[in-house]
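Novice: One file: start-v6.cif (mmCIF, N, CA and C atoms).
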```
data_coords
#
loop_
_atom_site.label_atom_id
_atom_site.label_comp_id
_atom_site.auth_asym_id
_atom_site.auth_seq_id
_atom_site.Cartn_x
_atom_site.Cartn_y
_atom_site.Cartn_z
N ASN A 1 -6.69 -7.95 33.19
CA ASN A 1 -6.84 -9.35 32.94
C ASN A 1 -5.45 -9.95 32.67
N PRO A 2 -5.00 -10.89 33.49
CA PRO A 2 -3.68 -11.47 33.32
C PRO A 2 -3.46 -12.16 31.96
N SER A 3 -4.50 -12.76 31.43
CA SER A 3 -4.38 -13.42 30.13
C SER A 3 -4.13 -12.39 29.02
N ALA A 4 -4.83 -11.29 29.04
CA ALA A 4 -4.65 -10.24 28.04
C ALA A 4 -3.25 -9.63 28.15
N VAL A 5 -2.77 -9.45 29.38
CA VAL A 5 -1.43 -8.90 29.58
C VAL A 5 -0.39 -9.87 29.03
N ALA A 6 -0.55 -11.15 29.26
CA ALA A 6 0.39 -12.14 28.76
C ALA A 6 0.43 -12.13 27.23
N ARG A 7 -0.73 -12.01 26.60
CA ARG A 7 -0.78 -11.96 25.14
C ARG A 7 -0.12 -10.68 24.62
N ALA A 8 -0.38 -9.58 25.28
CA ALA A 8 0.23 -8.31 24.86
C ALA A 8 1.74 -8.37 24.98
N LEU A 9 2.24 -8.92 26.08
CA LEU A 9 3.69 -9.04 26.25
C LEU A 9 4.32 -9.96 25.21
N ALA A 10 3.63 -11.04 24.89
CA ALA A 10 4.13 -11.95 23.85
C ALA A 10 4.17 -11.26 22.49
N THR A 11 3.18 -10.44 22.22
CA THR A 11 3.15 -9.70 20.97
C THR A 11 4.31 -8.71 20.89
N ILE A 12 4.54 -7.99 21.96
CA ILE A 12 5.64 -7.03 22.00
C ILE A 12 6.98 -7.75 21.83
N LYS A 13 7.11 -8.90 22.47
CA LYS A 13 8.34 -9.69 22.34
C LYS A 13 8.58 -10.09 20.88
N THR A 14 7.54 -10.56 20.21
CA THR A 14 7.65 -10.96 18.81
C THR A 14 8.01 -9.76 17.94
N MET A 15 7.37 -8.62 18.19
CA MET A 15 7.66 -7.42 17.41
C MET A 15 9.12 -7.03 17.56
N ARG A 16 9.66 -7.14 18.75
CA ARG A 16 11.08 -6.80 18.97
C ARG A 16 12.00 -7.83 18.33
N GLU A 17 11.69 -9.11 18.52
CA GLU A 17 12.54 -10.17 17.98
C GLU A 17 12.62 -10.11 16.45
N ARG A 18 11.51 -9.80 15.81
CA ARG A 18 11.48 -9.74 14.35
C ARG A 18 11.78 -8.34 13.81
N ASN A 19 12.02 -7.40 14.71
CA ASN A 19 12.32 -6.01 14.35
C ASN A 19 11.28 -5.48 13.36
N LEU A 20 10.01 -5.61 13.74
CA LEU A 20 8.93 -5.26 12.84
C LEU A 20 8.79 -3.76 12.62
N ALA A 21 9.25 -2.94 13.55
CA ALA A 21 9.21 -1.49 13.32
C ALA A 21 10.14 -1.13 12.17
N GLN A 22 11.32 -1.71 12.15
CA GLN A 22 12.26 -1.47 11.05
C GLN A 22 11.71 -2.02 9.75
N ARG A 23 11.09 -3.18 9.81
CA ARG A 23 10.50 -3.77 8.61
C ARG A 23 9.41 -2.87 8.04
N ALA A 24 8.62 -2.25 8.90
CA ALA A 24 7.58 -1.33 8.43
C ALA A 24 8.21 -0.15 7.69
N ARG A 25 9.31 0.37 8.20
CA ARG A 25 10.00 1.47 7.52
C ARG A 25 10.53 1.01 6.15
N GLU A 26 11.12 -0.18 6.10
CA GLU A 26 11.65 -0.70 4.84
C GLU A 26 10.54 -0.89 3.80
N LEU A 27 9.43 -1.45 4.23
CA LEU A 27 8.31 -1.65 3.30
C LEU A 27 7.80 -0.32 2.77
N GLY A 28 7.67 0.65 3.67
CA GLY A 28 7.20 1.96 3.26
C GLY A 28 8.12 2.61 2.25
N GLU A 29 9.41 2.57 2.50
CA GLU A 29 10.37 3.15 1.57
C GLU A 29 10.28 2.49 0.20
N SER A 30 10.17 1.17 0.20
CA SER A 30 10.08 0.43 -1.06
C SER A 30 8.81 0.79 -1.83
N MET A 31 7.67 0.79 -1.14
CA MET A 31 6.40 1.09 -1.81
C MET A 31 6.36 2.54 -2.28
N LEU A 32 6.81 3.47 -1.44
CA LEU A 32 6.83 4.87 -1.84
C LEU A 32 7.69 5.07 -3.07
N GLY A 33 8.86 4.45 -3.09
CA GLY A 33 9.74 4.56 -4.25
C GLY A 33 9.10 4.04 -5.51
N SER A 34 8.48 2.86 -5.42
CA SER A 34 7.82 2.27 -6.58
C SER A 34 6.67 3.14 -7.08
N LEU A 35 5.87 3.64 -6.14
CA LEU A 35 4.72 4.45 -6.54
C LEU A 35 5.13 5.80 -7.10
N ARG A 36 6.18 6.39 -6.56
CA ARG A 36 6.63 7.69 -7.09
C ARG A 36 7.23 7.53 -8.49
N THR A 37 7.88 6.41 -8.73
CA THR A 37 8.37 6.13 -10.09
C THR A 37 7.19 5.96 -11.03
N LEU A 38 6.20 5.21 -10.61
CA LEU A 38 5.00 5.00 -11.42
C LEU A 38 4.27 6.33 -11.65
N GLN A 39 4.24 7.17 -10.64
CA GLN A 39 3.58 8.47 -10.73
C GLN A 39 4.16 9.32 -11.87
N ARG A 40 5.46 9.21 -12.08
CA ARG A 40 6.11 9.97 -13.16
C ARG A 40 5.70 9.46 -14.54
N ASP A 41 5.26 8.20 -14.60
CA ASP A 41 4.94 7.57 -15.89
C ASP A 41 3.46 7.66 -16.27
N VAL A 42 2.59 7.90 -15.31
CA VAL A 42 1.15 7.92 -15.59
C VAL A 42 0.54 9.24 -15.13
N ALA A 43 -0.57 9.60 -15.75
CA ALA A 43 -1.19 10.89 -15.44
C ALA A 43 -2.25 10.81 -14.36
N ILE A 44 -2.64 9.60 -13.94
CA ILE A 44 -3.77 9.50 -13.02
C ILE A 44 -3.38 9.45 -11.55
N ILE A 45 -2.10 9.35 -11.24
CA ILE A 45 -1.70 9.36 -9.83
C ILE A 45 -1.43 10.79 -9.42
N GLY A 46 -2.22 11.28 -8.46
CA GLY A 46 -2.03 12.62 -7.94
C GLY A 46 -1.00 12.61 -6.83
N ASP A 47 -1.44 12.32 -5.63
CA ASP A 47 -0.59 12.35 -4.46
C ASP A 47 -0.20 10.94 -4.04
N VAL A 48 1.02 10.80 -3.55
CA VAL A 48 1.50 9.55 -2.96
C VAL A 48 1.96 9.90 -1.55
N ARG A 49 1.46 9.19 -0.55
CA ARG A 49 1.78 9.55 0.82
C ARG A 49 1.74 8.32 1.73
N GLY A 50 2.29 8.48 2.91
CA GLY A 50 2.19 7.42 3.89
C GLY A 50 3.31 7.48 4.90
N ARG A 51 3.21 6.56 5.83
CA ARG A 51 4.20 6.45 6.88
C ARG A 51 4.35 4.98 7.23
N GLY A 52 5.58 4.55 7.31
CA GLY A 52 5.80 3.13 7.58
C GLY A 52 5.20 2.30 6.46
N ALA A 53 4.55 1.22 6.82
CA ALA A 53 4.00 0.31 5.82
C ALA A 53 2.61 0.71 5.35
N MET A 54 2.05 1.80 5.89
CA MET A 54 0.73 2.24 5.46
C MET A 54 0.89 3.37 4.45
N ILE A 55 0.65 3.04 3.20
CA ILE A 55 0.88 3.95 2.09
C ILE A 55 -0.44 4.12 1.33
N ALA A 56 -0.64 5.31 0.77
CA ALA A 56 -1.83 5.55 -0.04
C ALA A 56 -1.45 6.40 -1.24
N PHE A 57 -2.24 6.25 -2.30
CA PHE A 57 -2.07 7.13 -3.44
C PHE A 57 -3.43 7.51 -3.98
N GLU A 58 -3.52 8.79 -4.39
CA GLU A 58 -4.75 9.35 -4.89
C GLU A 58 -4.81 9.24 -6.40
N LEU A 59 -5.98 8.93 -6.91
CA LEU A 59 -6.18 8.86 -8.35
C LEU A 59 -7.01 10.08 -8.77
N VAL A 60 -6.53 10.73 -9.83
CA VAL A 60 -7.16 11.97 -10.29
C VAL A 60 -7.43 11.90 -11.78
N GLN A 61 -8.31 12.78 -12.23
CA GLN A 61 -8.52 12.93 -13.66
C GLN A 61 -7.23 13.53 -14.23
N PRO A 62 -6.69 12.98 -15.32
CA PRO A 62 -5.43 13.49 -15.87
C PRO A 62 -5.45 15.01 -16.08
N GLY A 63 -4.38 15.64 -15.63
CA GLY A 63 -4.24 17.08 -15.79
C GLY A 63 -5.00 17.93 -14.79
N THR A 64 -5.65 17.28 -13.83
CA THR A 64 -6.43 18.00 -12.82
C THR A 64 -6.13 17.43 -11.44
N LYS A 65 -6.79 17.97 -10.45
CA LYS A 65 -6.76 17.39 -9.11
C LYS A 65 -8.12 16.80 -8.75
N ASN A 66 -8.98 16.66 -9.76
CA ASN A 66 -10.32 16.11 -9.55
C ASN A 66 -10.24 14.61 -9.28
N PRO A 67 -10.98 14.14 -8.28
CA PRO A 67 -10.96 12.72 -7.93
C PRO A 67 -11.37 11.83 -9.10
N ASN A 68 -10.75 10.65 -9.16
CA ASN A 68 -11.04 9.69 -10.22
C ASN A 68 -11.42 8.35 -9.58
N ALA A 69 -12.65 8.29 -9.08
CA ALA A 69 -13.13 7.07 -8.43
C ALA A 69 -13.24 5.90 -9.41
N ALA A 70 -13.53 6.20 -10.67
CA ALA A 70 -13.64 5.13 -11.66
C ALA A 70 -12.31 4.42 -11.85
N ALA A 71 -11.21 5.17 -11.85
CA ALA A 71 -9.89 4.55 -11.97
C ALA A 71 -9.59 3.69 -10.74
N ALA A 72 -9.95 4.19 -9.57
CA ALA A 72 -9.72 3.41 -8.35
C ALA A 72 -10.48 2.10 -8.41
N LYS A 73 -11.73 2.16 -8.83
CA LYS A 73 -12.54 0.94 -8.93
C LYS A 73 -11.93 -0.04 -9.93
N SER A 74 -11.48 0.48 -11.05
CA SER A 74 -10.85 -0.36 -12.08
C SER A 74 -9.59 -1.03 -11.53
N ILE A 75 -8.78 -0.27 -10.83
CA ILE A 75 -7.53 -0.80 -10.26
C ILE A 75 -7.82 -1.88 -9.22
N VAL A 76 -8.78 -1.61 -8.35
CA VAL A 76 -9.14 -2.59 -7.32
C VAL A 76 -9.62 -3.88 -7.97
N ASN A 77 -10.49 -3.76 -8.98
CA ASN A 77 -11.00 -4.96 -9.65
C ASN A 77 -9.87 -5.74 -10.32
N TYR A 78 -8.98 -5.05 -11.02
CA TYR A 78 -7.86 -5.70 -11.69
C TYR A 78 -7.00 -6.46 -10.67
N CYS A 79 -6.63 -5.77 -9.61
CA CYS A 79 -5.79 -6.40 -8.58
C CYS A 79 -6.46 -7.62 -7.98
N ASN A 80 -7.73 -7.48 -7.61
CA ASN A 80 -8.44 -8.59 -7.00
C ASN A 80 -8.53 -9.79 -7.93
N GLN A 81 -8.71 -9.54 -9.22
CA GLN A 81 -8.76 -10.64 -10.19
C GLN A 81 -7.41 -11.35 -10.30
N GLN A 82 -6.34 -10.63 -10.01
CA GLN A 82 -4.99 -11.21 -10.07
C GLN A 82 -4.54 -11.78 -8.73
N GLY A 83 -5.42 -11.78 -7.74
CA GLY A 83 -5.09 -12.35 -6.44
C GLY A 83 -4.43 -11.39 -5.46
N VAL A 84 -4.43 -10.11 -5.79
CA VAL A 84 -3.87 -9.10 -4.89
C VAL A 84 -5.03 -8.32 -4.30
N ILE A 85 -5.18 -8.38 -2.99
CA ILE A 85 -6.29 -7.69 -2.34
C ILE A 85 -6.00 -6.20 -2.31
N ALA A 86 -6.92 -5.43 -2.88
CA ALA A 86 -6.78 -3.97 -2.90
C ALA A 86 -8.10 -3.36 -2.47
N LEU A 87 -8.00 -2.22 -1.81
CA LEU A 87 -9.18 -1.52 -1.32
C LEU A 87 -9.10 -0.05 -1.69
N SER A 88 -10.23 0.51 -2.07
CA SER A 88 -10.26 1.95 -2.28
C SER A 88 -10.84 2.59 -1.03
N CYS A 89 -10.49 3.83 -0.82
CA CYS A 89 -10.98 4.54 0.36
C CYS A 89 -10.99 6.02 0.03
N GLY A 90 -11.20 6.83 1.02
CA GLY A 90 -11.21 8.27 0.84
C GLY A 90 -12.62 8.79 0.65
N THR A 91 -12.78 10.06 0.90
CA THR A 91 -14.07 10.72 0.80
C THR A 91 -14.71 10.51 -0.56
N PHE A 92 -13.91 10.53 -1.62
CA PHE A 92 -14.44 10.41 -2.97
C PHE A 92 -14.21 9.03 -3.59
N GLY A 93 -13.69 8.09 -2.80
CA GLY A 93 -13.45 6.73 -3.30
C GLY A 93 -12.34 6.66 -4.32
N ASN A 94 -11.42 7.63 -4.29
CA ASN A 94 -10.36 7.69 -5.31
C ASN A 94 -8.97 7.43 -4.74
N VAL A 95 -8.90 6.86 -3.56
CA VAL A 95 -7.61 6.59 -2.92
C VAL A 95 -7.45 5.08 -2.79
N ILE A 96 -6.26 4.60 -3.12
CA ILE A 96 -5.91 3.19 -2.89
C ILE A 96 -4.96 3.18 -1.70
N ARG A 97 -5.31 2.41 -0.69
CA ARG A 97 -4.48 2.31 0.51
C ARG A 97 -3.80 0.95 0.53
N LEU A 98 -2.52 0.96 0.86
CA LEU A 98 -1.72 -0.26 0.94
C LEU A 98 -1.25 -0.45 2.37
N LEU A 99 -1.40 -1.65 2.88
CA LEU A 99 -0.89 -2.00 4.20
C LEU A 99 -0.58 -3.49 4.22
N PRO A 100 0.57 -3.86 3.65
CA PRO A 100 0.92 -5.28 3.61
C PRO A 100 1.29 -5.78 5.01
N PRO A 101 1.19 -7.08 5.21
CA PRO A 101 1.64 -7.63 6.50
C PRO A 101 3.14 -7.38 6.66
N LEU A 102 3.56 -7.11 7.87
CA LEU A 102 4.97 -6.79 8.11
C LEU A 102 5.89 -7.99 7.88
N VAL A 103 5.33 -9.17 7.76
CA VAL A 103 6.14 -10.36 7.53
C VAL A 103 6.14 -10.76 6.05
N ILE A 104 5.62 -9.92 5.19
CA ILE A 104 5.63 -10.20 3.75
C ILE A 104 7.08 -10.29 3.28
N THR A 105 7.35 -11.19 2.36
CA THR A 105 8.71 -11.30 1.83
C THR A 105 8.91 -10.22 0.76
N ASP A 106 10.16 -9.92 0.48
CA ASP A 106 10.46 -8.94 -0.56
C ASP A 106 9.92 -9.40 -1.91
N GLU A 107 10.00 -10.70 -2.17
CA GLU A 107 9.49 -11.26 -3.42
C GLU A 107 7.97 -11.09 -3.53
N GLN A 108 7.25 -11.36 -2.45
CA GLN A 108 5.80 -11.19 -2.45
C GLN A 108 5.43 -9.72 -2.65
N LEU A 109 6.17 -8.84 -2.01
CA LEU A 109 5.90 -7.41 -2.17
C LEU A 109 6.13 -6.99 -3.61
N ALA A 110 7.22 -7.44 -4.21
CA ALA A 110 7.52 -7.10 -5.60
C ALA A 110 6.43 -7.63 -6.53
N ASP A 111 5.96 -8.84 -6.29
CA ASP A 111 4.88 -9.40 -7.10
C ASP A 111 3.62 -8.55 -6.98
N GLY A 112 3.24 -8.20 -5.76
CA GLY A 112 2.04 -7.39 -5.54
C GLY A 112 2.16 -6.02 -6.16
N MET A 113 3.32 -5.40 -6.02
CA MET A 113 3.52 -4.07 -6.60
C MET A 113 3.52 -4.14 -8.12
N GLY A 114 4.00 -5.26 -8.68
CA GLY A 114 3.96 -5.44 -10.13
C GLY A 114 2.53 -5.51 -10.64
N VAL A 115 1.69 -6.25 -9.93
CA VAL A 115 0.27 -6.33 -10.30
C VAL A 115 -0.38 -4.95 -10.17
N LEU A 116 -0.07 -4.25 -9.09
CA LEU A 116 -0.61 -2.92 -8.89
C LEU A 116 -0.19 -1.96 -10.01
N ALA A 117 1.07 -2.00 -10.37
CA ALA A 117 1.56 -1.13 -11.46
C ALA A 117 0.85 -1.44 -12.77
N ALA A 118 0.65 -2.72 -13.06
CA ALA A 118 -0.05 -3.10 -14.29
C ALA A 118 -1.49 -2.60 -14.25
N ALA A 119 -2.11 -2.66 -13.09
CA ALA A 119 -3.49 -2.18 -12.94
C ALA A 119 -3.57 -0.68 -13.16
N VAL A 120 -2.62 0.06 -12.62
CA VAL A 120 -2.61 1.52 -12.78
C VAL A 120 -2.38 1.88 -14.24
N ARG A 121 -1.45 1.19 -14.89
CA ARG A 121 -1.18 1.47 -16.31
C ARG A 121 -2.42 1.17 -17.17
N ALA A 122 -3.12 0.10 -16.83
CA ALA A 122 -4.32 -0.25 -17.59
C ALA A 122 -5.44 0.77 -17.39
N ALA A 123 -5.49 1.38 -16.22
CA ALA A 123 -6.52 2.38 -15.92
C ALA A 123 -6.17 3.76 -16.44
N ASN A 124 -4.90 3.97 -16.77
CA ASN A 124 -4.43 5.29 -17.20
C ASN A 124 -5.04 5.62 -18.50
#
```
I'd like the structure from this file rewritten - as structure tokens, please.
Specialist:
Amino acid sequence: NPSAVARALATIKTMRERNLAQRARELGESMLGSLRTLQRDVAIIGDVRGRGAMIAFELVQPGTKNPNAAAAKSIVNYCNQQGVIALSCGTFGNVIRLLPPLVITDEQLADGMGVLAAAVRAAN
């Protein structure tokens, strides 16, 4: 379909012009760094993982590797009440997945990560 091809080419052009692949790497590095720092301060973050701008962290019962779905639910509710959209996922509902838009500003990302950190600390 020529119309679909034109849209796809326009999308690729925009991705190149805005260097969105590099932006995804930058966002990922920033979020991973923030979450790993937070992980050292709280007992409920088990694993932190991701690639590019898609990052996830597992919530566990302190001192174990047992899933902590209640903490995930608490964090999601806190974030949503503060205007930050958060979703839990994973087989046991104990994973928070982050995937901000690639055009998010550094200030917006910092604000969102601040709300997330406060939510994690409150759930700890």
Novice: Convert the output of the PyMOL selection byres ((chain A and resi 27) around 8) on the shown file into explicit residues, formatted as a list in words.
Specialist: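 Given this file, the PyMOL selection byres ((chain A and resi 27) around 8) evaluates to Ala21, Gln22, Arg23, Ala24, Arg25, Glu26, Gly28, Glu29, Ser30, Met31, Leu32, Gly33, Arg51, Gly52, Ala53, Met54, Ile55 and Leu102 of chain A.
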Novice: When you draw a straight line from atom N of Glu58 in chain A to atom C of Cys89 in chain A, how long is it in Å?
Specialist: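 Separation between atom N of Glu58 in chain A and atom C of Cys89 in chain A: 9.1 Å.
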Novice: Give me the residues within 7 Å of Ala123 in chain A as a list in words, counting all atoms listed in the file and dropping any in the same chain fewer than 2 places off.
Specialist: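 Result of the neighbour search: Ala71, Ser74, Ile75, Ala118, Ala119, Val120 and Arg121 of chain A.
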Novice: Using Å and a single decimal, report how far CA of Thr37 in chain A sits from atom N of Ala70 in chain A.
Specialist: 21.9 Å
Novice: By how many Å are atom C of Arg49 in chain A and atom N of Ala72 in chain A apart?
Specialist: 16.8 Å
Novice: Tell me, which residues of chain A carry DSSP strand (DSSP E or B), written as a count of residues only?
Specialist: 22
Novice: Enumerate, as an mmCIF file with N, CA and C atoms, in the coordinates of the input, the residues matched when the PyMOL selection byres (((chain A and resi 57 and name CA) around 9) and name CA) is run on the file above.
Specialist:
```cif
data_model
loop_
_atom_site.group_PDB
_atom_site.id
_atom_site.type_symbol
_atom_site.label_atom_id
_atom_site.label_comp_id
_atom_site.auth_asym_id
_atom_site.auth_seq_id
_atom_site.Cartn_x
_atom_site.Cartn_y
_atom_site.Cartn_z
ATOM 1 N N LEU A 35 5.870 3.640 -6.140
ATOM 2 C CA LEU A 35 4.720 4.450 -6.540
ATOM 3 C C LEU A 35 5.130 5.800 -7.100
ATOM 4 N N ILE A 45 -2.100 9.350 -11.240
ATOM 5 C CA ILE A 45 -1.700 9.360 -9.830
ATOM 6 C C ILE A 45 -1.430 10.790 -9.420
ATOM 7 N N GLY A 46 -2.220 11.280 -8.460
ATOM 8 C CA GLY A 46 -2.030 12.620 -7.940
ATOM 9 C C GLY A 46 -1.000 12.610 -6.830
ATOM 10 N N ASP A 47 -1.440 12.320 -5.630
ATOM 11 C CA ASP A 47 -0.590 12.350 -4.460
ATOM 12 C C ASP A 47 -0.200 10.940 -4.040
ATOM 13 N N VAL A 48 1.020 10.800 -3.550
ATOM 14 C CA VAL A 48 1.500 9.550 -2.960
ATOM 15 C C VAL A 48 1.960 9.900 -1.550
ATOM 16 N N ARG A 49 1.460 9.190 -0.550
ATOM 17 C CA ARG A 49 1.780 9.550 0.820
ATOM 18 C C ARG A 49 1.740 8.320 1.730
ATOM 19 N N GLY A 50 2.290 8.480 2.910
ATOM 20 C CA GLY A 50 2.190 7.420 3.890
ATOM 21 C C GLY A 50 3.310 7.480 4.900
ATOM 22 N N ILE A 55 0.650 3.040 3.200
ATOM 23 C CA ILE A 55 0.880 3.950 2.090
ATOM 24 C C ILE A 55 -0.440 4.120 1.330
ATOM 25 N N ALA A 56 -0.640 5.310 0.770
ATOM 26 C CA ALA A 56 -1.830 5.550 -0.040
ATOM 27 C C ALA A 56 -1.450 6.400 -1.240
ATOM 28 N N GLU A 58 -3.520 8.790 -4.390
ATOM 29 C CA GLU A 58 -4.750 9.350 -4.890
ATOM 30 C C GLU A 58 -4.810 9.240 -6.400
ATOM 31 N N LEU A 59 -5.980 8.930 -6.910
ATOM 32 C CA LEU A 59 -6.180 8.860 -8.350
ATOM 33 C C LEU A 59 -7.010 10.080 -8.770
ATOM 34 N N ASN A 94 -11.420 7.630 -4.290
ATOM 35 C CA ASN A 94 -10.360 7.690 -5.310
ATOM 36 C C ASN A 94 -8.970 7.430 -4.740
ATOM 37 N N VAL A 95 -8.900 6.860 -3.560
ATOM 38 C CA VAL A 95 -7.610 6.590 -2.920
ATOM 39 C C VAL A 95 -7.450 5.080 -2.790
ATOM 40 N N ILE A 96 -6.260 4.600 -3.120
ATOM 41 C CA ILE A 96 -5.910 3.190 -2.890
ATOM 42 C C ILE A 96 -4.960 3.180 -1.700
ATOM 43 N N ARG A 97 -5.310 2.410 -0.690
ATOM 44 C CA ARG A 97 -4.480 2.310 0.510
ATOM 45 C C ARG A 97 -3.800 0.950 0.530
ATOM 46 N N LEU A 98 -2.520 0.960 0.860
ATOM 47 C CA LEU A 98 -1.720 -0.260 0.940
ATOM 48 C C LEU A 98 -1.250 -0.450 2.370
#
```
Novice: With distances taken over only C-alpha atoms, which of A:Arg16, A:Leu116, A:Ala4, A:Asp111 is nearest to Leu87 in chain A?
Specialist: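 So, comparing all the options, the nearest one is A:Leu116.
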Novice: Around range 84-100 of chain A, fit a box with edges along x, y and z, padding it by 6 Å on each side, then list its centre and edge lengths in Å to one decimal as JSON.
Specialist:
```
{"center_x": -6.7, "center_y": 0.3, "center_z": -0.4, "size_x": 28.0, "size_y": 32.8, "size_z": 22.8}
```
Novice: Mind checking DSSP for chain A and telling me the helix (DSSP H, G or I) residues as a count of residues only?
Specialist: 69
Novice: Rank A:Val115, A:Met15, A:Ala43, A:Ala122 by their smallest atom-to-atom distance to Gln82 in chain A, using only C-alpha atoms, and report the top residue only.
Specialist: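 Of all the options, A:Val115 lies closest to Gln82 in chain A.
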Novice: Counting only C-alpha atoms, what is within 9 Å of Lys73 in chain A, bar same-chain residues fewer than 3 positions away, as a ChimeraX atom specification?
Specialist: /A:68-70,76-78,87-88,93-94
Novice: Because some atoms of range 16-27 of chain A are absent here, can you restore N, CA, C and O atoms and send them as a PDB file, in the frame of the given file?
Specialist:
```
ATOM      1  N   ARG A  16       9.660  -7.140  18.750  1.00  0.00           N
ATOM      2  CA  ARG A  16      11.080  -6.800  18.970  1.00  0.00           C
ATOM      3  C   ARG A  16      12.000  -7.830  18.330  1.00  0.00           C
ATOM      4  O   ARG A  16      12.993  -7.472  17.703  1.00  0.00           O
ATOM      5  N   GLU A  17      11.690  -9.110  18.520  1.00  0.00           N
ATOM      6  CA  GLU A  17      12.540 -10.170  17.980  1.00  0.00           C
ATOM      7  C   GLU A  17      12.620 -10.110  16.450  1.00  0.00           C
ATOM      8  O   GLU A  17      13.680 -10.359  15.874  1.00  0.00           O
ATOM      9  N   ARG A  18      11.510  -9.800  15.810  1.00  0.00           N
ATOM     10  CA  ARG A  18      11.480  -9.740  14.350  1.00  0.00           C
ATOM     11  C   ARG A  18      11.780  -8.340  13.810  1.00  0.00           C
ATOM     12  O   ARG A  18      11.777  -8.141  12.600  1.00  0.00           O
ATOM     13  N   ASN A  19      12.020  -7.400  14.710  1.00  0.00           N
ATOM     14  CA  ASN A  19      12.320  -6.010  14.350  1.00  0.00           C
ATOM     15  C   ASN A  19      11.280  -5.480  13.360  1.00  0.00           C
ATOM     16  O   ASN A  19      11.606  -4.942  12.301  1.00  0.00           O
ATOM     17  N   LEU A  20      10.010  -5.610  13.740  1.00  0.00           N
ATOM     18  CA  LEU A  20       8.930  -5.260  12.840  1.00  0.00           C
ATOM     19  C   LEU A  20       8.790  -3.760  12.620  1.00  0.00           C
ATOM     20  O   LEU A  20       8.308  -3.335  11.560  1.00  0.00           O
ATOM     21  N   ALA A  21       9.250  -2.940  13.550  1.00  0.00           N
ATOM     22  CA  ALA A  21       9.210  -1.490  13.320  1.00  0.00           C
ATOM     23  C   ALA A  21      10.140  -1.130  12.170  1.00  0.00           C
ATOM     24  O   ALA A  21       9.783  -0.330  11.290  1.00  0.00           O
ATOM     25  N   GLN A  22      11.320  -1.710  12.150  1.00  0.00           N
ATOM     26  CA  GLN A  22      12.260  -1.470  11.050  1.00  0.00           C
ATOM     27  C   GLN A  22      11.710  -2.020   9.750  1.00  0.00           C
ATOM     28  O   GLN A  22      11.823  -1.397   8.694  1.00  0.00           O
ATOM     29  N   ARG A  23      11.090  -3.180   9.810  1.00  0.00           N
ATOM     30  CA  ARG A  23      10.500  -3.770   8.610  1.00  0.00           C
ATOM     31  C   ARG A  23       9.410  -2.870   8.040  1.00  0.00           C
ATOM     32  O   ARG A  23       9.314  -2.707   6.814  1.00  0.00           O
ATOM     33  N   ALA A  24       8.620  -2.250   8.900  1.00  0.00           N
ATOM     34  CA  ALA A  24       7.580  -1.330   8.430  1.00  0.00           C
ATOM     35  C   ALA A  24       8.210  -0.150   7.690  1.00  0.00           C
ATOM     36  O   ALA A  24       7.711   0.265   6.626  1.00  0.00           O
ATOM     37  N   ARG A  25       9.310   0.370   8.200  1.00  0.00           N
ATOM     38  CA  ARG A  25      10.000   1.470   7.520  1.00  0.00           C
ATOM     39  C   ARG A  25      10.530   1.010   6.150  1.00  0.00           C
ATOM     40  O   ARG A  25      10.414   1.737   5.161  1.00  0.00           O
ATOM     41  N   GLU A  26      11.120  -0.180   6.100  1.00  0.00           N
ATOM     42  CA  GLU A  26      11.650  -0.700   4.840  1.00  0.00           C
ATOM     43  C   GLU A  26      10.540  -0.890   3.800  1.00  0.00           C
ATOM     44  O   GLU A  26      10.718  -0.523   2.627  1.00  0.00           O
ATOM     45  N   LEU A  27       9.430  -1.450   4.230  1.00  0.00           N
ATOM     46  CA  LEU A  27       8.310  -1.650   3.300  1.00  0.00           C
ATOM     47  C   LEU A  27       7.800  -0.320   2.770  1.00  0.00           C
ATOM     48  O   LEU A  27       7.535  -0.171   1.575  1.00  0.00           O
TER      49      LEU A  27
END
```
